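Heads up, final-v3.pdb below (PDB, C-alpha atoms):
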ATOM      1  CA  MET A   7      20.988 -78.420  -6.627  1.00  0.00           C
ATOM      2  CA  LYS A   8      18.099 -80.780  -5.932  1.00  0.00           C
ATOM      3  CA  GLU A   9      14.652 -79.962  -7.293  1.00  0.00           C
ATOM      4  CA  LEU A  10      12.027 -79.021  -4.694  1.00  0.00           C
ATOM      5  CA  LEU A  11       8.634 -80.707  -4.975  1.00  0.00           C
ATOM      6  CA  VAL A  12       5.261 -79.890  -3.467  1.00  0.00           C
ATOM      7  CA  VAL A  13       3.758 -83.189  -2.314  1.00  0.00           C
ATOM      8  CA  VAL A  14       0.023 -83.458  -2.951  1.00  0.00           C
ATOM      9  CA  THR A  15      -2.642 -86.094  -3.226  1.00  0.00           C
ATOM     10  CA  LEU A  16      -4.192 -86.106  -6.703  1.00  0.00           C
ATOM     11  CA  ALA A  17      -7.052 -88.473  -7.455  1.00  0.00           C
ATOM     12  CA  GLY A  18      -6.268 -90.448  -4.305  1.00  0.00           C
ATOM     13  CA  ARG A  19      -2.592 -90.950  -5.227  1.00  0.00           C
ATOM     14  CA  ARG A  20       0.367 -89.220  -3.625  1.00  0.00           C
ATOM     15  CA  ALA A  21       2.133 -87.198  -6.311  1.00  0.00           C
ATOM     16  CA  ALA A  22       4.364 -84.153  -6.655  1.00  0.00           C
ATOM     17  CA  LEU A  23       4.267 -80.810  -8.392  1.00  0.00           C
ATOM     18  CA  ARG A  24       7.498 -79.035  -9.244  1.00  0.00           C
ATOM     19  CA  SER A  25       7.787 -76.127  -6.824  1.00  0.00           C
ATOM     20  CA  ARG A  26       8.797 -73.850  -9.699  1.00  0.00           C
ATOM     21  CA  ASP A  27       5.319 -74.496 -11.200  1.00  0.00           C
ATOM     22  CA  VAL A  28       3.433 -73.673  -7.986  1.00  0.00           C
ATOM     23  CA  GLN A  29       2.949 -70.002  -7.177  1.00  0.00           C
ATOM     24  CA  SER A  30       0.953 -70.639  -3.983  1.00  0.00           C
ATOM     25  CA  VAL A  31      -1.433 -73.039  -2.282  1.00  0.00           C
ATOM     26  CA  ILE A  32      -4.964 -71.838  -1.517  1.00  0.00           C
ATOM     27  CA  THR A  33      -8.420 -72.966  -0.535  1.00  0.00           C
ATOM     28  CA  LEU A  34     -11.040 -71.949  -3.077  1.00  0.00           C
ATOM     29  CA  GLU A  35     -13.418 -69.266  -1.842  1.00  0.00           C
ATOM     30  CA  LEU A  36     -15.985 -69.436  -4.629  1.00  0.00           C
ATOM     31  CA  LEU A  37     -16.380 -71.537  -7.751  1.00  0.00           C
ATOM     32  CA  THR A  38     -18.436 -70.348 -10.710  1.00  0.00           C
ATOM     33  CA  PRO A  39     -19.233 -72.988 -13.361  1.00  0.00           C
ATOM     34  CA  VAL A  40     -18.499 -72.165 -17.006  1.00  0.00           C
ATOM     35  CA  PRO A  41     -21.125 -73.417 -19.473  1.00  0.00           C
ATOM     36  CA  CYS A  42     -19.799 -75.427 -22.436  1.00  0.00           C
ATOM     37  CA  ALA A  43     -16.257 -75.626 -20.956  1.00  0.00           C
ATOM     38  CA  PRO A  44     -14.242 -78.821 -21.456  1.00  0.00           C
ATOM     39  CA  PRO A  45     -15.034 -81.450 -18.786  1.00  0.00           C
ATOM     40  CA  HIS A  46     -11.762 -80.909 -16.873  1.00  0.00           C
ATOM     41  CA  ILE A  47     -12.529 -77.200 -16.340  1.00  0.00           C
ATOM     42  CA  ALA A  48     -14.413 -77.075 -13.015  1.00  0.00           C
ATOM     43  CA  GLY A  49     -15.110 -73.344 -13.327  1.00  0.00           C
ATOM     44  CA  LEU A  50     -13.641 -69.981 -12.379  1.00  0.00           C
ATOM     45  CA  SER A  51     -12.536 -68.634  -9.017  1.00  0.00           C
ATOM     46  CA  GLY A  52     -10.919 -65.426  -7.817  1.00  0.00           C
ATOM     47  CA  LEU A  53      -7.723 -64.687  -5.954  1.00  0.00           C
ATOM     48  CA  ARG A  54      -6.770 -61.110  -5.030  1.00  0.00           C
ATOM     49  CA  SER A  55      -8.490 -59.473  -8.043  1.00  0.00           C
ATOM     50  CA  ARG A  56      -7.236 -62.198 -10.378  1.00  0.00           C
ATOM     51  CA  VAL A  57      -9.435 -64.766 -12.152  1.00  0.00           C
ATOM     52  CA  LEU A  58      -8.284 -68.394 -11.899  1.00  0.00           C
ATOM     53  CA  THR A  59      -9.407 -71.139 -14.251  1.00  0.00           C
ATOM     54  CA  VAL A  60     -10.039 -74.105 -11.956  1.00  0.00           C
ATOM     55  CA  ILE A  61      -8.733 -77.431 -13.281  1.00  0.00           C
ATOM     56  CA  ASP A  62     -10.268 -80.671 -11.997  1.00  0.00           C
ATOM     57  CA  ALA A  63      -7.161 -82.896 -11.845  1.00  0.00           C
ATOM     58  CA  ARG A  64      -9.212 -86.102 -11.456  1.00  0.00           C
ATOM     59  CA  ARG A  65     -11.143 -85.286 -14.633  1.00  0.00           C
ATOM     60  CA  ALA A  66      -7.942 -84.406 -16.538  1.00  0.00           C
ATOM     61  CA  LEU A  67      -6.519 -87.778 -15.437  1.00  0.00           C
ATOM     62  CA  SER A  68      -9.691 -89.552 -16.671  1.00  0.00           C
ATOM     63  CA  LEU A  69     -10.456 -90.696 -13.119  1.00  0.00           C
ATOM     64  CA  GLY A  70     -13.895 -89.114 -12.603  1.00  0.00           C
ATOM     65  CA  ASP A  71     -14.774 -85.872 -10.835  1.00  0.00           C
ATOM     66  CA  SER A  72     -12.853 -84.417  -7.894  1.00  0.00           C
ATOM     67  CA  ALA A  73     -14.088 -85.367  -4.470  1.00  0.00           C
ATOM     68  CA  ARG A  74     -14.351 -81.668  -3.503  1.00  0.00           C
ATOM     69  CA  ILE A  75     -15.348 -79.173  -6.157  1.00  0.00           C
ATOM     70  CA  GLU A  76     -16.580 -76.492  -3.775  1.00  0.00           C
ATOM     71  CA  ALA A  77     -15.541 -73.546  -1.665  1.00  0.00           C
ATOM     72  CA  GLY A  78     -12.852 -74.653   0.784  1.00  0.00           C
ATOM     73  CA  ALA A  79     -11.277 -77.173  -1.603  1.00  0.00           C
ATOM     74  CA  PRO A  80      -7.450 -77.127  -1.671  1.00  0.00           C
ATOM     75  CA  ALA A  81      -5.750 -75.994  -4.878  1.00  0.00           C
ATOM     76  CA  ALA A  82      -2.301 -75.161  -6.200  1.00  0.00           C
ATOM     77  CA  VAL A  83      -2.076 -71.834  -8.052  1.00  0.00           C
ATOM     78  CA  ILE A  84      -0.211 -72.268 -11.320  1.00  0.00           C
ATOM     79  CA  VAL A  85       0.756 -69.606 -13.872  1.00  0.00           C
ATOM     80  CA  HIS A  86       1.241 -71.193 -17.280  1.00  0.00           C
ATOM     81  CA  GLU A  87       1.826 -69.284 -20.520  1.00  0.00           C
ATOM     82  CA  GLY A  88       0.604 -66.058 -18.911  1.00  0.00           C
ATOM     83  CA  HIS A  89      -2.676 -67.487 -17.587  1.00  0.00           C
ATOM     84  CA  SER A  90      -3.558 -68.267 -13.970  1.00  0.00           C
ATOM     85  CA  TYR A  91      -4.976 -71.635 -12.936  1.00  0.00           C
ATOM     86  CA  ALA A  92      -6.048 -73.331  -9.723  1.00  0.00           C
ATOM     87  CA  LEU A  93      -5.310 -77.054  -9.841  1.00  0.00           C
ATOM     88  CA  LEU A  94      -7.737 -78.886  -7.556  1.00  0.00           C
ATOM     89  CA  VAL A  95      -5.938 -81.390  -5.352  1.00  0.00           C
ATOM     90  CA  ASP A  96      -7.263 -83.741  -2.674  1.00  0.00           C
ATOM     91  CA  GLU A  97      -4.668 -82.566  -0.156  1.00  0.00           C
ATOM     92  CA  VAL A  98      -1.395 -80.620   0.109  1.00  0.00           C
ATOM     93  CA  GLU A  99       0.986 -82.627   2.291  1.00  0.00           C
ATOM     94  CA  ASP A 100       4.565 -81.390   2.325  1.00  0.00           C
ATOM     95  CA  VAL A 101       7.583 -80.069   0.443  1.00  0.00           C
ATOM     96  CA  THR A 102      10.488 -82.406  -0.280  1.00  0.00           C
ATOM     97  CA  GLU A 103      13.536 -82.767  -2.541  1.00  0.00           C
ATOM     98  CA  ALA A 104      13.799 -85.053  -5.538  1.00  0.00           C
ATOM     99  CA  TRP A 105      16.753 -87.408  -5.144  1.00  0.00           C
ATOM    100  CA  SER A 106      16.717 -88.478  -8.794  1.00  0.00           C
ATOM    101  CA  THR A 107      15.659 -87.247 -12.199  1.00  0.00           C
ATOM    102  CA  PRO A 108      12.249 -88.422 -13.412  1.00  0.00           C
ATOM    103  CA  GLU A 109      12.223 -91.963 -14.793  1.00  0.00           C
ATOM    104  CA  PRO A 110       9.499 -93.261 -17.129  1.00  0.00           C
ATOM    105  CA  VAL A 111       6.554 -94.979 -15.467  1.00  0.00           C
ATOM    106  CA  ARG A 112       6.831 -98.661 -16.301  1.00  0.00           C
ATOM    107  CA  ALA A 113       3.840 -99.931 -14.337  1.00  0.00           C
ATOM    108  CA  ARG A 114       0.314 -99.930 -15.705  1.00  0.00           C
ATOM    109  CA  MET A 115      -1.692 -97.196 -13.972  1.00  0.00           C
ATOM    110  CA  ASP A 116      -5.347 -96.238 -13.876  1.00  0.00           C
ATOM    111  CA  GLY A 117      -6.487 -93.272 -15.886  1.00  0.00           C
ATOM    112  CA  ASN A 118      -4.109 -91.087 -17.841  1.00  0.00           C
ATOM    113  CA  TRP A 119      -1.244 -90.860 -15.314  1.00  0.00           C
ATOM    114  CA  ALA A 120       1.513 -91.911 -17.734  1.00  0.00           C
ATOM    115  CA  ALA A 121       0.655 -89.118 -20.204  1.00  0.00           C
ATOM    116  CA  MET A 122       0.078 -86.558 -17.444  1.00  0.00           C
ATOM    117  CA  SER A 123       3.364 -86.969 -15.575  1.00  0.00           C
ATOM    118  CA  HIS A 124       7.053 -86.272 -16.122  1.00  0.00           C
ATOM    119  CA  GLY A 125       7.851 -89.626 -14.517  1.00  0.00           C
ATOM    120  CA  LEU A 126       8.749 -91.126 -11.168  1.00  0.00           C
ATOM    121  CA  VAL A 127      11.350 -89.654  -8.782  1.00  0.00           C
ATOM    122  CA  GLU A 128      12.841 -90.923  -5.531  1.00  0.00           C
ATOM    123  CA  THR A 129      12.369 -88.760  -2.440  1.00  0.00           C
ATOM    124  CA  ALA A 130      12.663 -89.045   1.330  1.00  0.00           C
ATOM    125  CA  LEU A 131       8.931 -89.831   1.292  1.00  0.00           C
ATOM    126  CA  GLY A 132       9.377 -92.669  -1.221  1.00  0.00           C
ATOM    127  CA  PRO A 133       8.810 -92.701  -4.976  1.00  0.00           C
ATOM    128  CA  LEU A 134       6.531 -89.949  -6.299  1.00  0.00           C
ATOM    129  CA  LEU A 135       4.999 -89.236  -9.686  1.00  0.00           C
ATOM    130  CA  VAL A 136       5.815 -85.714 -10.836  1.00  0.00           C
ATOM    131  CA  ALA A 137       2.638 -84.351 -12.415  1.00  0.00           C
ATOM    132  CA  ASP A 138       2.956 -82.410 -15.666  1.00  0.00           C
ATOM    133  CA  VAL A 139       0.915 -79.271 -14.938  1.00  0.00           C
ATOM    134  CA  ALA A 140       0.836 -78.242 -18.622  1.00  0.00           C
ATOM    135  CA  ALA A 141      -0.727 -81.606 -19.535  1.00  0.00           C
ATOM    136  CA  LEU A 142      -3.254 -81.342 -16.684  1.00  0.00           C
ATOM    137  CA  ILE A 143      -4.222 -77.842 -17.827  1.00  0.00           C
ATOM    138  CA  ALA A 144      -4.662 -79.063 -21.409  1.00  0.00           C
ATOM    139  CA  GLY A 145      -6.840 -81.948 -20.211  1.00  0.00           C
ATOM    140  CA  GLY A 146      -6.942 -85.602 -21.054  1.00  0.00           C
ATOM    141  CA  PRO A 147      -8.789 -87.472 -23.770  1.00  0.00           C
ATOM    142  CA  ALA A 148     -12.539 -86.877 -23.923  1.00  0.00           C
ATOM    143  CA  ASP A 149     -14.530 -88.826 -21.365  1.00  0.00           C
ATOM    144  CA  ASP A 150     -16.851 -90.802 -23.632  1.00  0.00           C
ATOM    145  CA  SER A 151     -18.915 -92.170 -20.746  1.00  0.00           C
ATOM    146  CA  ALA A 152     -19.701 -88.667 -19.457  1.00  0.00           C
ATOM    147  CA  ASP A 153     -20.563 -87.510 -22.988  1.00  0.00           C
ATOM    148  CA  ALA A 154     -22.835 -90.518 -23.482  1.00  0.00           C
ATOM    149  CA  GLN A 155     -24.664 -89.845 -20.190  1.00  0.00           C
ATOM    150  CA  ALA A 156     -25.170 -86.195 -21.079  1.00  0.00           C
ATOM    151  CA  ALA A 157     -26.787 -87.056 -24.448  1.00  0.00           C
TER     152      ALA A 157
END
Serialized structure, structure tokens:
Amino acid sequence: MKELLVVVTLAGRRAALRSRDVQSVITLELLTPVPCAPPHIAGLSGLRSRVLTVIDARRALSLGDSARIEAGAPAAVIVHEGHSYALLVDEVEDVTEAWSTPEPVRARMDGNWAAMSHGLVETALGPLLVADVAALIAGGPADDSADAQAA
């Protein structure tokens, strides 16, 4: 059986999330900032009486802040280790099948894509990076430039 993928745009790049990791796709209704949270935590939002920790994928990938961190922004709802998250994405495009198993990324890429993905798969839509949602939730290396500006 082929693996189903949810095709999204993350940080301006077409990528995929494993459908087994995605519980649903939503638009954020409200975003409440969390003081002193790690930089990749955009805040908290609610979904049907459930609190979601909102992950800024661009920040986790060390590619700056998301273009849309506001109500109405698209997000993939992820449940990981018993906690609920909303992964901010630029756009949700489609669902497709992986035609291959993930292969290591051999090209040099901006940001932290190599550490934040399972690898590259072939699909009907062309090659796609399969994002590692656990790595995105954990966040990337500290953004020294943002820390320096804040000081």
Hey, what comes out of the PyMOL selection byres ((chain A and resi 138-140) around 8) on this file? Could you write it as a list in words?
->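 Evaluating the PyMOL selection byres ((chain A and resi 138-140) around 8) on this file yields Leu23, Asp27, Ile84, His86, Met122, Ser123, His124, Val136, Ala137, Ala141, Leu142, Ile143 and Ala144 of chain A.
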Counting only C-alpha atoms, which of A:Ala43, A:Ala121, A:Val83, A:Leu10 gets nearest to Thr107 (chain A)?
->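 The shortest atom-to-atom distance to Thr107 (chain A) comes from A:Leu10.
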What lies within 7 Å of Ile32 (chain A) using all atoms listed in the file, ignoring chain neighbours under 4 positions off, as a PyMOL selection string?
-> chain A and resi 80-82
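Note that CA of Val60 (chain A) and CA of Leu94 (chain A) are 6.9 Å apart.
Across A:Cys42, A:Val101, A:Leu16, A:Ala22, the tightest approach to Arg65 (chain A) is made by A:Leu16 when counting all atoms listed in the file.
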Kindly indicate which residue among A:Met115, A:Val14, A:Ala21, A:Ala48 lies nearest to Val127 (chain A), using only C-alpha atoms for the distances.
->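 Selected residue with least distance to Val127 (chain A): A:Ala21.
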Just how far from CA of Leu135 (chain A) is CA of Gly49 (chain A), in Å to one decimal?
-> 25.9 Å
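CA of Ala79 (chain A) is found 14.1 Å from CA of Thr59 (chain A).
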Could you list the residues chosen by the PyMOL selection byres ((chain A and resi 78) around 7) in this structure as a VMD selection string?
-> chain A and resid 33 to 35 76 to 77 79 to 80
Would you please work out which residue, of A:Arg112, A:His46, A:Lys8, A:Arg64, is nearest to Leu126 (chain A) when using only C-alpha atoms?
-> A:Arg112
Write out as a ChimeraX atom specification which residues come within 7 Å of Thr129 (chain A) when counting only C-alpha atoms, dropping same-chain ones fewer than 4 positions away.
-> /A:102-105,133
If the box runs along x, y and z of the file and leaves 5 Å on each side of region 125-144 of chain A, what are its centre and edge lengths in Å, one decimal, as lines of an AutoDock Vina configuration file?
center_x = 4.1
center_y = -85.3
center_z = -10.0
size_x = 27.5
size_y = 24.9
size_z = 32.7
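Each of A:Val28, A:Ser90, A:Gly132, A:Pro110 was checked against Arg54 (chain A) using only C-alpha atoms; the smallest atom-to-atom distance is that of A:Ser90.
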Of the listed residues A:Arg20, A:Arg114, A:Arg26, A:Arg56, that which approaches Ala92 (chain A) most closely, counting all atoms listed in the file =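 Comparing A:Arg20, A:Arg114, A:Arg26, A:Arg56 against Ala92 (chain A), the winner is A:Arg56.
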Counting only C-alpha atoms, select every polymer residue within 7 Å of (-10.8, -94.0, -15.5) as defined in the file's coordinates, and provide the selection as a CSV table (one decimal) with C-alpha atoms, in the coordinates of the input.
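Output file result-v3.csv follows:
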chain,number,residue,atom,x,y,z
A,68,SER,CA,-9.7,-89.6,-16.7
A,69,LEU,CA,-10.5,-90.7,-13.1
A,70,GLY,CA,-13.9,-89.1,-12.6
A,116,ASP,CA,-5.3,-96.2,-13.9
A,117,GLY,CA,-6.5,-93.3,-15.9
